[in-house]
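Structure data (compact mmCIF, C-alpha atoms) from my_file.txt:
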```txt
# COMPACT_ATOMS: atom_id res chain seq x y z
CA MET H 1 -34.07 -41.19 15.09
CA ASN H 2 -30.62 -41.68 16.62
CA PRO H 3 -29.86 -40.46 20.20
CA LYS H 4 -28.02 -37.34 18.99
CA GLU H 5 -30.93 -36.24 16.82
CA GLU H 6 -33.40 -36.97 19.61
CA GLN H 7 -31.36 -34.91 22.06
CA LYS H 8 -31.15 -32.10 19.51
CA MET H 9 -34.94 -31.99 19.19
CA GLN H 10 -35.33 -31.64 22.97
CA PHE H 11 -33.74 -28.19 23.12
CA THR H 12 -36.22 -25.39 23.85
CA GLU H 13 -36.14 -22.07 22.01
CA GLU H 14 -34.71 -20.46 25.14
CA GLN H 15 -31.90 -23.02 25.34
CA ILE H 16 -31.05 -22.61 21.66
CA HIS H 17 -31.04 -18.83 22.05
CA ALA H 18 -28.76 -19.13 25.09
CA LYS H 19 -26.38 -21.28 23.05
CA LYS H 20 -26.34 -18.71 20.25
CA GLU H 21 -25.61 -15.99 22.80
CA LYS H 22 -22.81 -18.10 24.28
CA TYR H 23 -20.95 -18.39 20.97
CA TYR H 24 -21.96 -15.01 19.53
CA LEU H 25 -18.85 -13.09 20.58
CA ARG H 26 -16.53 -15.97 19.65
CA ASN H 27 -18.09 -16.26 16.21
CA PHE H 28 -18.10 -12.50 15.72
CA ILE H 29 -14.37 -12.31 16.50
CA THR H 30 -13.55 -15.41 14.45
CA LEU H 31 -15.30 -14.12 11.35
CA CYS H 32 -13.72 -10.69 11.74
CA LEU H 33 -10.32 -12.38 12.05
CA GLU H 34 -11.11 -14.33 8.89
CA SER H 35 -11.98 -11.02 7.27
CA PHE H 36 -8.61 -9.62 8.30
CA PHE H 37 -6.65 -12.28 6.47
CA PHE H 38 -8.94 -12.86 3.53
CA CYS H 39 -9.59 -9.20 2.75
CA ALA H 40 -5.86 -8.54 2.89
CA ALA H 41 -5.58 -11.23 0.22
CA LEU H 42 -8.40 -9.66 -1.81
CA ALA H 43 -6.68 -6.27 -1.67
CA MET H 44 -3.69 -7.85 -3.39
CA PHE H 45 -5.99 -9.64 -5.81
CA SER H 46 -8.59 -6.97 -6.42
CA ALA H 47 -10.67 -7.10 -9.60
CA GLU H 48 -11.30 -3.38 -9.09
CA SER H 49 -7.70 -2.16 -8.86
CA VAL H 50 -4.91 -4.77 -9.00
CA LEU H 51 -6.06 -7.11 -11.77
CA PRO H 52 -6.96 -4.35 -14.27
CA VAL H 53 -3.46 -2.87 -13.95
CA TYR H 54 -1.89 -6.35 -14.22
CA VAL H 55 -3.80 -7.02 -17.44
CA GLU H 56 -2.96 -3.54 -18.76
CA ASN H 57 0.71 -4.50 -18.47
CA LEU H 58 0.00 -7.45 -20.74
CA SER H 59 -2.33 -5.79 -23.25
CA ASP H 60 -3.57 -2.30 -24.15
CA LYS H 61 -6.89 -3.56 -25.54
CA ALA H 62 -10.03 -2.42 -23.71
CA ILE H 63 -11.69 -5.78 -24.37
CA HIS H 64 -9.16 -7.50 -22.13
CA ILE H 65 -10.00 -5.14 -19.26
CA ALA H 66 -13.69 -5.82 -19.88
CA MET H 67 -13.04 -9.56 -19.70
CA ILE H 68 -12.11 -9.16 -16.04
CA SER H 69 -15.65 -7.96 -15.26
CA VAL H 70 -17.22 -10.55 -17.54
CA LEU H 71 -15.42 -13.45 -15.88
CA TYR H 72 -15.26 -12.19 -12.31
CA TYR H 73 -18.80 -10.87 -12.01
CA GLY H 74 -20.55 -12.81 -14.75
CA LEU H 75 -19.31 -16.26 -13.75
CA SER H 76 -19.37 -15.56 -10.01
CA TYR H 77 -22.98 -14.43 -10.08
CA GLY H 78 -23.98 -17.02 -12.64
CA VAL H 79 -23.03 -20.05 -10.51
CA TYR H 80 -24.61 -18.89 -7.23
CA VAL H 81 -27.59 -21.09 -8.00
CA PHE H 82 -25.46 -24.26 -7.94
CA ALA H 83 -24.54 -23.57 -4.31
CA CYS H 84 -28.19 -23.48 -3.21
CA PRO H 85 -28.80 -27.25 -2.88
CA LEU H 86 -25.46 -27.58 -1.05
CA GLY H 87 -26.34 -24.83 1.42
CA VAL H 88 -29.99 -25.68 2.03
CA ASN H 89 -29.32 -29.44 2.35
CA ALA H 90 -26.20 -29.09 4.51
CA LYS H 91 -26.30 -30.18 8.13
CA SER H 92 -23.14 -28.13 8.69
CA PRO H 93 -23.02 -24.92 6.60
CA LYS H 94 -19.58 -24.23 8.08
CA TRP H 95 -17.81 -27.20 6.53
CA VAL H 96 -19.56 -26.95 3.19
CA SER H 97 -18.46 -23.31 2.99
CA ILE H 98 -14.88 -24.16 3.97
CA GLY H 99 -14.67 -26.85 1.28
CA ILE H 100 -15.76 -24.51 -1.51
CA CYS H 101 -13.54 -21.69 -0.21
CA PHE H 102 -10.51 -23.97 -0.47
CA LEU H 103 -11.23 -24.38 -4.20
CA GLN H 104 -11.22 -20.60 -4.41
CA ARG H 105 -7.66 -20.60 -3.07
CA ILE H 106 -6.65 -22.92 -5.90
CA GLY H 107 -7.80 -20.23 -8.34
CA ILE H 108 -5.57 -17.67 -6.64
CA PHE H 109 -2.65 -20.09 -6.89
CA LEU H 110 -3.19 -20.54 -10.63
CA ILE H 111 -3.25 -16.79 -11.23
CA PHE H 112 0.04 -16.60 -9.34
CA ILE H 113 1.35 -19.20 -11.79
CA SER H 114 0.29 -16.98 -14.73
CA THR H 115 3.06 -14.51 -13.86
CA TYR H 116 5.65 -17.11 -14.86
CA ALA H 117 4.15 -17.32 -18.36
CA VAL H 118 5.07 -13.68 -19.07
CA SER H 119 8.66 -14.72 -19.85
CA SER H 120 7.34 -16.76 -22.79
CA SER H 121 4.82 -14.23 -24.16
CA ASN H 122 2.19 -11.79 -23.02
CA GLN H 123 -0.43 -13.70 -25.00
CA LEU H 124 0.34 -16.91 -23.13
CA ALA H 125 0.25 -15.08 -19.80
CA LEU H 126 -3.15 -13.58 -20.70
CA ALA H 127 -4.51 -16.98 -21.69
CA VAL H 128 -3.33 -18.59 -18.43
CA PHE H 129 -4.63 -15.62 -16.45
CA PHE H 130 -8.14 -15.67 -17.93
CA VAL H 131 -8.51 -19.45 -17.59
CA SER H 132 -7.34 -19.19 -13.97
CA LEU H 133 -9.63 -16.22 -13.32
CA ALA H 134 -12.57 -18.22 -14.68
CA LEU H 135 -11.82 -21.07 -12.25
CA TYR H 136 -11.45 -18.59 -9.41
CA ALA H 137 -14.72 -16.85 -10.32
CA LEU H 138 -16.63 -20.14 -10.39
CA SER H 139 -15.49 -21.15 -6.90
CA ASN H 140 -15.92 -17.57 -5.69
CA GLY H 141 -19.53 -17.58 -6.88
CA MET H 142 -20.20 -20.88 -5.12
CA SER H 143 -18.62 -19.65 -1.88
CA MET H 144 -20.56 -16.40 -1.44
CA PRO H 145 -24.09 -17.76 -0.79
CA LEU H 146 -22.58 -20.52 1.36
CA PHE H 147 -20.79 -17.90 3.44
CA SER H 148 -24.13 -16.11 3.94
CA GLN H 149 -25.62 -19.43 5.06
CA MET H 150 -22.73 -19.90 7.51
CA VAL H 151 -23.30 -16.40 8.92
CA SER H 152 -26.99 -17.19 9.46
CA VAL H 153 -26.13 -20.07 11.83
CA SER H 154 -23.32 -18.16 13.55
CA ILE H 155 -24.57 -14.57 13.92
CA HIS H 156 -28.16 -14.39 15.16
CA LYS H 157 -28.55 -10.66 15.83
CA ASN H 158 -27.48 -7.25 14.52
CA VAL H 159 -26.60 -8.68 11.12
CA GLY H 160 -26.06 -5.25 9.56
CA THR H 161 -23.67 -4.26 12.34
CA PHE H 162 -21.79 -7.54 11.90
CA TYR H 163 -21.35 -7.01 8.17
CA GLY H 164 -20.28 -3.43 8.86
CA ALA H 165 -17.65 -4.60 11.35
CA TYR H 166 -16.64 -7.44 9.03
CA ASN H 167 -16.07 -4.98 6.21
CA LEU H 168 -14.36 -2.49 8.52
CA VAL H 169 -11.80 -5.07 9.66
CA GLY H 170 -11.47 -6.29 6.10
CA ALA H 171 -10.84 -2.79 4.80
CA ALA H 172 -8.25 -2.17 7.54
CA SER H 173 -6.38 -5.34 6.62
CA GLY H 174 -6.87 -4.44 2.99
CA VAL H 175 -4.80 -1.32 3.65
CA VAL H 176 -2.00 -3.63 4.74
CA GLY H 177 -2.47 -5.67 1.58
CA ALA H 178 -2.48 -2.53 -0.56
CA LEU H 179 0.73 -1.33 1.11
CA ILE H 180 2.35 -4.69 0.35
CA PHE H 181 1.19 -4.33 -3.26
CA THR H 182 2.66 -0.82 -3.40
CA LYS H 183 5.99 -2.01 -1.97
CA CYS H 184 6.11 -4.82 -4.51
CA LEU H 185 5.53 -2.31 -7.31
CA GLU H 186 8.37 -0.15 -6.00
CA LYS H 187 10.84 -2.95 -5.29
CA TYR H 188 10.39 -5.31 -8.24
CA ASP H 189 10.02 -5.01 -11.98
CA PHE H 190 7.10 -6.53 -13.88
CA PRO H 191 6.10 -9.38 -13.65
CA LYS H 192 7.93 -10.17 -10.39
CA ASP H 193 6.06 -7.37 -8.62
CA TYR H 194 2.73 -9.10 -9.27
CA ARG H 195 4.21 -12.55 -8.65
CA MET H 196 5.23 -11.57 -5.12
CA THR H 197 1.90 -9.80 -4.54
CA PHE H 198 -0.13 -12.86 -5.55
CA LEU H 199 2.08 -15.17 -3.45
CA VAL H 200 1.45 -13.16 -0.27
CA ALA H 201 -2.27 -13.05 -1.14
CA LEU H 202 -2.38 -16.84 -1.44
CA ILE H 203 -0.73 -17.34 1.97
CA ALA H 204 -3.13 -14.89 3.65
CA ALA H 205 -6.16 -16.60 2.08
CA LEU H 206 -5.06 -20.01 3.35
CA ILE H 207 -4.64 -18.63 6.89
CA ALA H 208 -8.20 -17.25 6.69
CA THR H 209 -9.52 -20.74 5.93
CA LEU H 210 -7.63 -22.15 8.91
CA VAL H 211 -9.07 -19.49 11.24
CA VAL H 212 -12.68 -20.41 10.39
CA SER H 213 -11.96 -24.14 10.60
CA VAL H 214 -10.66 -23.83 14.16
CA GLY H 215 -12.55 -20.88 15.61
CA LEU H 216 -16.15 -20.90 14.36
CA LYS H 217 -18.87 -22.63 16.44
CA GLU H 218 -22.02 -22.83 14.36
CA VAL H 219 -25.36 -23.36 16.15
CA THR H 220 -27.60 -25.65 14.11
CA ASP H 221 -29.93 -26.99 16.83
CA ASP H 222 -32.94 -25.22 15.31
CA ARG H 223 -31.84 -25.74 11.73
CA LYS H 224 -33.97 -27.98 9.53
CA PRO H 225 -32.04 -29.03 6.42
CA GLU H 226 -34.28 -29.56 3.40
CA LYS H 227 -33.65 -31.98 0.58
CA ILE H 228 -33.94 -29.83 -2.51
CA THR H 229 -32.44 -30.36 -5.93
CA LEU H 230 -31.05 -27.84 -8.39
CA LYS H 231 -34.34 -28.11 -10.28
CA GLY H 232 -36.24 -27.14 -7.16
CA VAL H 233 -34.27 -23.94 -6.60
CA PHE H 234 -36.00 -21.94 -9.34
CA PRO H 235 -39.62 -22.46 -8.16
CA ILE H 236 -38.57 -21.46 -4.63
CA SER H 237 -36.79 -18.40 -5.98
CA MET H 238 -39.84 -17.35 -7.99
CA ARG H 239 -42.10 -17.85 -4.96
CA ILE H 240 -39.80 -15.69 -2.84
CA LEU H 241 -39.88 -12.88 -5.41
CA LYS H 242 -43.67 -13.10 -5.63
CA GLU H 243 -44.39 -13.22 -1.90
CA ASN H 244 -41.61 -11.09 -0.38
CA GLY H 245 -42.27 -7.55 -1.58
CA LYS H 246 -39.39 -5.87 0.25
CA PHE H 247 -36.88 -8.36 -1.16
CA ARG H 248 -38.38 -7.95 -4.64
CA HIS H 249 -37.89 -4.18 -4.43
CA PHE H 250 -34.28 -4.66 -3.38
CA VAL H 251 -33.65 -7.00 -6.32
CA VAL H 252 -35.06 -4.46 -8.80
CA ILE H 253 -32.68 -1.77 -7.56
CA ARG H 254 -29.75 -4.18 -7.46
CA LEU H 255 -30.40 -5.10 -11.10
CA ILE H 256 -30.35 -1.44 -12.08
CA LEU H 257 -27.03 -0.90 -10.30
CA GLY H 258 -25.51 -3.88 -12.08
CA ALA H 259 -25.52 -1.72 -15.21
CA ALA H 260 -23.08 0.72 -13.57
CA GLU H 261 -20.52 -1.69 -12.15
CA PHE H 262 -18.98 -2.43 -15.55
CA ALA H 263 -17.19 0.93 -15.20
CA ILE H 264 -15.49 0.12 -11.89
CA PRO H 265 -12.17 -1.21 -13.32
CA TYR H 266 -11.80 1.96 -15.42
CA TYR H 267 -11.80 4.38 -12.48
CA ILE H 268 -8.30 3.44 -11.35
CA ILE H 269 -7.00 3.40 -14.92
CA THR H 270 -8.41 6.89 -15.47
CA ALA H 271 -6.97 8.18 -12.19
CA ALA H 272 -3.53 6.63 -12.70
CA ALA H 273 -3.27 8.19 -16.18
CA LYS H 274 -3.60 11.78 -14.87
CA GLU H 275 -0.62 13.98 -15.70
CA GLY H 276 1.85 14.40 -12.85
CA ALA H 277 0.63 11.35 -10.91
CA PRO H 278 3.36 10.12 -8.51
CA ALA H 279 5.23 6.84 -8.98
CA GLY H 280 3.29 3.81 -7.77
CA PHE H 281 0.04 5.80 -7.88
CA ALA H 282 -1.98 2.64 -8.58
CA GLY H 283 -0.83 1.21 -5.25
CA ILE H 284 -1.57 4.49 -3.48
CA LEU H 285 -5.07 4.51 -4.93
CA ALA H 286 -5.64 0.91 -3.83
CA THR H 287 -4.72 1.95 -0.28
CA ILE H 288 -6.99 4.99 -0.39
CA PHE H 289 -9.81 2.81 -1.74
CA LEU H 290 -9.57 0.54 1.29
CA VAL H 291 -9.32 3.37 3.81
CA ALA H 292 -12.48 4.81 2.29
CA LYS H 293 -14.18 1.43 2.67
CA MET H 294 -13.18 1.41 6.35
CA ILE H 295 -14.82 4.78 6.87
CA SER H 296 -18.05 3.70 5.20
CA ALA H 297 -18.33 0.15 6.56
CA LEU H 298 -19.73 0.62 10.07
CA ALA H 299 -21.91 3.53 8.95
CA ALA H 300 -23.47 1.37 6.22
CA GLY H 301 -24.04 -1.48 8.69
CA ARG H 302 -25.73 0.80 11.22
CA ILE H 303 -27.94 2.30 8.52
CA GLY H 304 -28.90 -1.22 7.45
CA ASP H 305 -29.85 -2.29 10.99
CA LYS H 306 -31.94 0.85 11.55
CA PHE H 307 -33.56 1.46 8.16
CA GLY H 308 -32.95 -1.69 6.10
CA PRO H 309 -30.73 -2.65 3.14
CA VAL H 310 -32.51 -0.32 0.69
CA ALA H 311 -31.49 2.68 2.81
CA ILE H 312 -27.84 1.69 2.30
CA LEU H 313 -28.46 1.76 -1.45
CA VAL H 314 -29.79 5.32 -1.27
CA CYS H 315 -26.46 6.48 0.18
CA SER H 316 -24.37 4.27 -2.10
CA CYS H 317 -26.07 5.48 -5.28
CA SER H 318 -25.54 9.09 -4.21
CA PHE H 319 -21.81 8.51 -3.91
CA GLY H 320 -21.85 6.65 -7.22
CA VAL H 321 -23.36 9.72 -8.89
CA LEU H 322 -20.58 11.91 -7.48
CA ALA H 323 -17.85 9.46 -8.49
CA ALA H 324 -19.06 9.16 -12.08
CA LEU H 325 -19.42 12.94 -12.38
CA LEU H 326 -15.87 13.52 -11.12
CA ALA H 327 -14.54 10.83 -13.47
CA ILE H 328 -15.87 12.93 -16.35
CA VAL H 329 -14.75 16.40 -15.26
CA VAL H 330 -11.55 16.11 -13.17
CA THR H 331 -8.22 16.87 -14.82
CA THR H 332 -5.76 16.55 -11.92
CA TRP H 333 -4.54 13.47 -10.08
CA GLN H 334 -5.35 15.11 -6.74
CA MET H 335 -9.04 15.41 -7.62
CA ALA H 336 -8.95 11.88 -9.02
CA ILE H 337 -8.26 10.70 -5.47
CA LEU H 338 -11.59 12.20 -4.34
CA MET H 339 -13.29 10.42 -7.24
CA TYR H 340 -11.82 7.10 -6.11
CA ILE H 341 -12.93 7.70 -2.52
CA PHE H 342 -16.51 8.21 -3.69
CA ILE H 343 -16.53 5.06 -5.83
CA ALA H 344 -15.19 3.15 -2.79
CA PHE H 345 -18.14 4.45 -0.73
CA ALA H 346 -20.54 3.42 -3.48
CA THR H 347 -19.23 -0.10 -4.12
CA ASN H 348 -18.74 -0.93 -0.44
CA GLY H 349 -22.25 0.17 0.46
CA ILE H 350 -23.75 -1.91 -2.34
CA ALA H 351 -21.74 -4.96 -1.20
CA ILE H 352 -22.85 -4.57 2.45
CA ALA H 353 -26.47 -4.04 1.41
CA THR H 354 -26.41 -7.18 -0.76
CA SER H 355 -24.86 -9.34 1.98
CA THR H 356 -27.28 -8.00 4.59
CA ALA H 357 -30.35 -8.40 2.37
CA SER H 358 -29.88 -12.15 1.93
CA VAL H 359 -29.94 -12.74 5.70
CA VAL H 360 -32.43 -10.05 6.76
CA TYR H 361 -35.15 -10.70 4.17
CA SER H 362 -34.86 -14.50 4.44
CA HIS H 363 -35.25 -14.62 8.24
CA GLY H 364 -32.73 -17.48 8.27
CA ARG H 365 -34.55 -19.72 5.77
CA TYR H 366 -33.33 -20.38 2.23
CA VAL H 367 -30.46 -17.93 2.74
CA PRO H 368 -28.41 -19.27 -0.23
CA ILE H 369 -31.46 -19.05 -2.48
CA TYR H 370 -32.05 -15.41 -1.57
CA SER H 371 -28.39 -14.71 -2.28
CA ALA H 372 -28.45 -16.69 -5.51
CA THR H 373 -31.63 -14.98 -6.72
CA ILE H 374 -29.92 -11.59 -6.64
CA SER H 375 -26.77 -12.86 -8.28
CA PHE H 376 -28.33 -15.10 -10.89
CA LEU H 377 -30.50 -12.26 -12.16
CA CYS H 378 -27.52 -9.90 -12.24
CA ALA H 379 -25.16 -12.27 -14.11
CA PRO H 380 -26.47 -11.81 -17.69
CA LEU H 381 -26.58 -8.05 -17.17
CA TYR H 382 -22.96 -7.96 -16.02
CA ILE H 383 -21.80 -9.83 -19.11
CA ALA H 384 -23.80 -7.62 -21.47
CA VAL H 385 -22.79 -4.28 -19.96
CA ALA H 386 -19.13 -5.30 -19.59
CA PHE H 387 -18.83 -5.87 -23.34
CA GLY H 388 -20.97 -2.78 -23.98
CA GLY H 389 -18.70 -0.71 -21.75
CA ALA H 390 -15.61 -1.92 -23.58
CA ALA H 391 -17.20 -1.03 -26.91
CA ILE H 392 -18.07 2.45 -25.66
CA ALA H 393 -14.54 2.95 -24.27
CA SER H 394 -12.99 1.83 -27.56
CA HIS H 395 -15.25 3.62 -30.05
CA PHE H 396 -16.16 6.73 -28.08
CA SER H 397 -14.43 7.70 -24.84
CA TYR H 398 -14.19 6.92 -21.16
CA SER H 399 -16.27 10.06 -20.52
CA VAL H 400 -19.23 8.61 -22.42
CA MET H 401 -18.89 5.38 -20.42
CA PHE H 402 -18.81 7.27 -17.10
CA GLY H 403 -21.79 9.30 -18.29
CA LEU H 404 -23.77 6.07 -18.59
CA ALA H 405 -22.66 5.06 -15.09
CA PHE H 406 -23.79 8.48 -13.81
CA ALA H 407 -27.27 7.95 -15.29
CA VAL H 408 -27.55 4.46 -13.80
CA TYR H 409 -26.51 5.57 -10.29
CA LEU H 410 -28.93 8.49 -10.48
CA LEU H 411 -31.79 6.17 -11.45
CA GLY H 412 -30.75 3.79 -8.66
CA ALA H 413 -30.84 6.63 -6.12
CA VAL H 414 -34.34 7.68 -7.19
CA MET H 415 -35.68 4.11 -7.16
CA SER H 416 -34.06 3.34 -3.79
CA PHE H 417 -35.64 6.41 -2.19
CA TYR H 418 -39.02 5.56 -3.74
CA TYR H 419 -39.02 1.96 -2.48
CA LEU H 420 -37.71 2.99 0.93
CA ARG H 421 -40.70 5.27 1.42
CA LYS H 422 -43.12 2.75 -0.07
CA ASP H 423 -41.94 -0.10 2.20
CA LYS H 424 -42.03 2.18 5.25
CA ASN H 425 -45.62 3.23 4.53
CA ALA H 426 -46.60 -0.41 3.95
CA GLY H 427 -45.17 -1.36 7.35
```
Please lay out the structure from this file as structure tokens.
Amino acid sequence: MNPKEEQKMQFTEEQIHAKKEKYYLRNFITLCLESFFFCAALAMFSAESVLPVYVENLSDKAIHIAMISVLYYGLSYGVYVFACPLGVNAKSPKWVSIGICFLQRIGIFLIFISTYAVSSSNQLALAVFFVSLALYALSNGMSMPLFSQMVSVSIHKNVGTFYGAYNLVGAASGVVGALIFTKCLEKYDFPKDYRMTFLVALIAALIATLVVSVGLKEVTDDRKPEKITLKGVFPISMRILKENGKFRHFVVIRLILGAAEFAIPYYIITAAAKEGAPAGFAGILATIFLVAKMISALAAGRIGDKFGPVAILVCSCSFGVLAALLAIVVTTWQMAILMYIFIAFATNGIAIATSTASVVYSHGRYVPIYSATISFLCAPLYIAVAFGGAAIASHFSYSVMFGLAFAVYLLGAVMSFYYLRKDKNAG
């Protein structure tokens, strides 16, 4: 054992806790600052609002809209498992996470490049876009569990509140990003409007990486890296599901809700198509979406800290039910705004619950594997329902598709409430 390792082993639990307390505020602020820049980038690169409208400008086929969900969610969730050995084995979760996140920025750059292909043909632009989106989704999927691992060695208390604040700051900066997107839509013609949007998003994402590199002080004195291989991830994951009942219940609900998220890209398309909608309505909706996420973020975090991640899902599913119902019945663009607010509440709550669950249920051990377990199980479902949703939209109607989403959210609400009561009674 070298002197540094020997000194590291001599720290008492009290000393390690004091060190975590010392850097807690710094890390909290640093990660929230990272959220400010990165979420502004995501707002200008949103798979829920911006990318569907971009693709709609290139093609009117529902299958191409569905491909966004297939690639973004399917690939992202499908490769979580490959990040597990990196995260569990890493001595420094911070630098492993930063390295993968930089690859994610390359994906954003390539999608920016796709806007130049429009001058040749829409088909070429679509091909470049989907290849680039696939690369982005792969690195995005690798980065998410590693980010959770980084949080576990940087934020040691009130994890739900942290994720609520993180999402609050991110949603606030996302409003800025959405306003930039709206201005680009108003000022430039297609495809230059999206070219400028993606360029600003790329710059903001790179600044976010720099912020974490300089500002974050991870505390790894009590961390014990384990040498696991990709092959060893699956037995650990199965053991976790077998032994951790509360996490298993969360995963069941999360799988159910995966069957509703295929409809998310269609909400903005439905709203923007309402008769009498003002110019640049897609950008306005993107802004409203992010303001709604701001409103829900801290509330969801507080609920998670007090009652657990499943309680967040109860609220999220309820808003999902309302959003899907409004998507079916509303006829005016004004009411479509309310629909989009509700779907923002639903999706943001599910995201916060998922992020919180990986840290809370793991108690700091095998964090990437907990995260990957959720995502790996959801990946096949996302791919299947995305294509199924496109088929329903093409052969039937958007109303039938939203009706399916309504049923899924309703089932999710019932199951969430059931497991919440069951886990509470079990102690």
What are the closest atom pairs, with distances in Å to one decimal, for all residues of region 332-386 of chain H lying within 9 Å of region 292-307 of chain H? Consider only C-alpha atoms, order rows by chain and residue number, and present the result as CSV.
```
residue,atom,partner,partner_atom,distance
H:Tyr340,CA,H:Ala292,CA,8.7
H:Ile341,CA,H:Ala292,CA,5.6
H:Phe342,CA,H:Ala292,CA,8.0
H:Ala344,CA,H:Lys293,CA,5.8
H:Phe345,CA,H:Ser296,CA,6.0
H:Thr347,CA,H:Lys293,CA,8.6
H:Asn348,CA,H:Lys293,CA,6.0
H:Gly349,CA,H:Ala300,CA,6.0
H:Ile352,CA,H:Ala300,CA,7.1
H:Ala353,CA,H:Gly304,CA,7.1
H:Thr356,CA,H:Gly304,CA,7.5
H:Ala357,CA,H:Gly304,CA,8.9
```
Can you check which parts of region 238-342 of chain H lie within 8 Å of region 404-412 of chain H? Per residue, the shortest pair of atoms and distance in Å to one decimal, counting all atoms listed in the file, sorted by chain and number, as a Markdown table.
```
| residue | atom | partner | partner_atom | distance |
| --- | --- | --- | --- | --- |
| H:Ile253 | CA | H:Gly412 | CA | 6.0 |
| H:Ile256 | CA | H:Gly412 | CA | 6.3 |
| H:Leu257 | CA | H:Gly412 | CA | 6.2 |
| H:Ala259 | CA | H:Val408 | CA | 6.7 |
| H:Ala260 | CA | H:Ala405 | CA | 4.6 |
| H:Glu261 | CA | H:Ala405 | CA | 7.7 |
| H:Ala263 | CA | H:Ala405 | CA | 6.9 |
| H:Leu313 | CA | H:Gly412 | CA | 7.8 |
| H:Val314 | CA | H:Gly412 | CA | 7.6 |
| H:Cys317 | CA | H:Tyr409 | CA | 5.0 |
| H:Ser318 | CA | H:Tyr409 | CA | 7.1 |
| H:Gly320 | CA | H:Tyr409 | CA | 5.7 |
| H:Val321 | CA | H:Phe406 | CA | 5.1 |
| H:Leu322 | CA | H:Phe406 | CA | 7.9 |
| H:Ala324 | CA | H:Phe406 | CA | 5.1 |
| H:Leu325 | CA | H:Phe406 | CA | 6.4 |
```
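When CA of Arg26 (chain H) is paired with CA of Thr220 (chain H), their separation reads 15.7 Å.
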Name the residues in contact with Pro85 (chain H) at a cut-off of 8 Å, using only C-alpha atoms, excluding same-chain residues fewer than 4 positions from it; report them as an mmCIF file with C-alpha atoms, in the frame of the given file.
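selection_14.cif, freshly written:
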```
data_model
loop_
_atom_site.group_PDB
_atom_site.id
_atom_site.type_symbol
_atom_site.label_atom_id
_atom_site.label_comp_id
_atom_site.auth_asym_id
_atom_site.auth_seq_id
_atom_site.Cartn_x
_atom_site.Cartn_y
_atom_site.Cartn_z
ATOM 1 C CA ASN H 89 -29.320 -29.440 2.350
ATOM 2 C CA LYS H 227 -33.650 -31.980 0.580
ATOM 3 C CA ILE H 228 -33.940 -29.830 -2.510
ATOM 4 C CA THR H 229 -32.440 -30.360 -5.930
ATOM 5 C CA LEU H 230 -31.050 -27.840 -8.390
ATOM 6 C CA VAL H 233 -34.270 -23.940 -6.600
#
```
Can you tell me how far CA of Met339 (chain H) sits from CA of Gly403 (chain H), in Å to one decimal?
->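 Here the two named atoms are 14.0 Å from each other.
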Do you know which residues are at most 12 Å from Ala90 (chain H) counting only C-alpha atoms, after dropping those on the same chain fewer than 5 positions away, and could you put them as a ChimeraX atom specification?
-> /H:83-85,95-97,146,149-150,153,220,223-228,366,368
Using only C-alpha atoms, the shortest atom-to-atom distance to Phe289 (chain H) among H:Ala351, H:Ile392, H:Ala43, H:Ile240 belongs to H:Ala43
Looking at all atoms listed in the file, which of H:Phe402, H:Phe376, H:Tyr419, H:Phe181 is the one that sits closest to Ser46 (chain H)?
->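 Comparing H:Phe402, H:Phe376, H:Tyr419, H:Phe181 against Ser46 (chain H), the winner is H:Phe181.
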Identify which of the residues H:Tyr23, H:Gln334, H:Ala413, H:Ser394 lies closest to Ile63 (chain H), counting only C-alpha atoms when measuring atom-to-atom distances.
-> H:Ser394
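For the point (-36.0, -19.2, -8.3) in file coordinates, the residues within 9 Å, using all atoms listed in the file, are Val81, Gly232, Val233, Phe234, Pro235, Ile236, Ser237, Met238, Arg239, Ile240, Leu241, Ile369, Tyr370, Ala372 and Thr373 of chain H.
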Measure the distance from CA of Phe319 (chain H) to CA of Ile343 (chain H) in Å and round it to one decimal.
-> 6.6 Å
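Among the candidate residues H:Val367, H:Ile312, H:Ile268, H:Leu126, the one lying nearest to Lys61 (chain H) is H:Leu126, with distances computed using only C-alpha atoms.
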Assuming the input is short of atoms at region 203-207 of chain H, produce N, CA, C and O atoms for that part as a compact mmCIF listing (two decimals), in the frame of the given file.
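Output below, filename out15.txt:
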```txt
# COMPACT_ATOMS: atom_id res chain seq x y z
N ILE H 203 -1.04 -16.93 0.59
CA ILE H 203 -0.73 -17.34 1.97
C ILE H 203 -1.78 -16.78 2.93
O ILE H 203 -2.29 -17.50 3.82
N ALA H 204 -2.13 -15.51 2.78
CA ALA H 204 -3.13 -14.89 3.65
C ALA H 204 -4.49 -15.57 3.52
O ALA H 204 -5.19 -15.79 4.52
N ALA H 205 -4.87 -15.94 2.31
CA ALA H 205 -6.16 -16.60 2.08
C ALA H 205 -6.20 -17.97 2.75
O ALA H 205 -7.23 -18.38 3.30
N LEU H 206 -5.11 -18.70 2.71
CA LEU H 206 -5.06 -20.01 3.35
C LEU H 206 -5.16 -19.88 4.87
O LEU H 206 -5.80 -20.70 5.54
N ILE H 207 -4.54 -18.86 5.44
CA ILE H 207 -4.64 -18.63 6.89
C ILE H 207 -6.09 -18.33 7.27
O ILE H 207 -6.59 -18.79 8.30
```
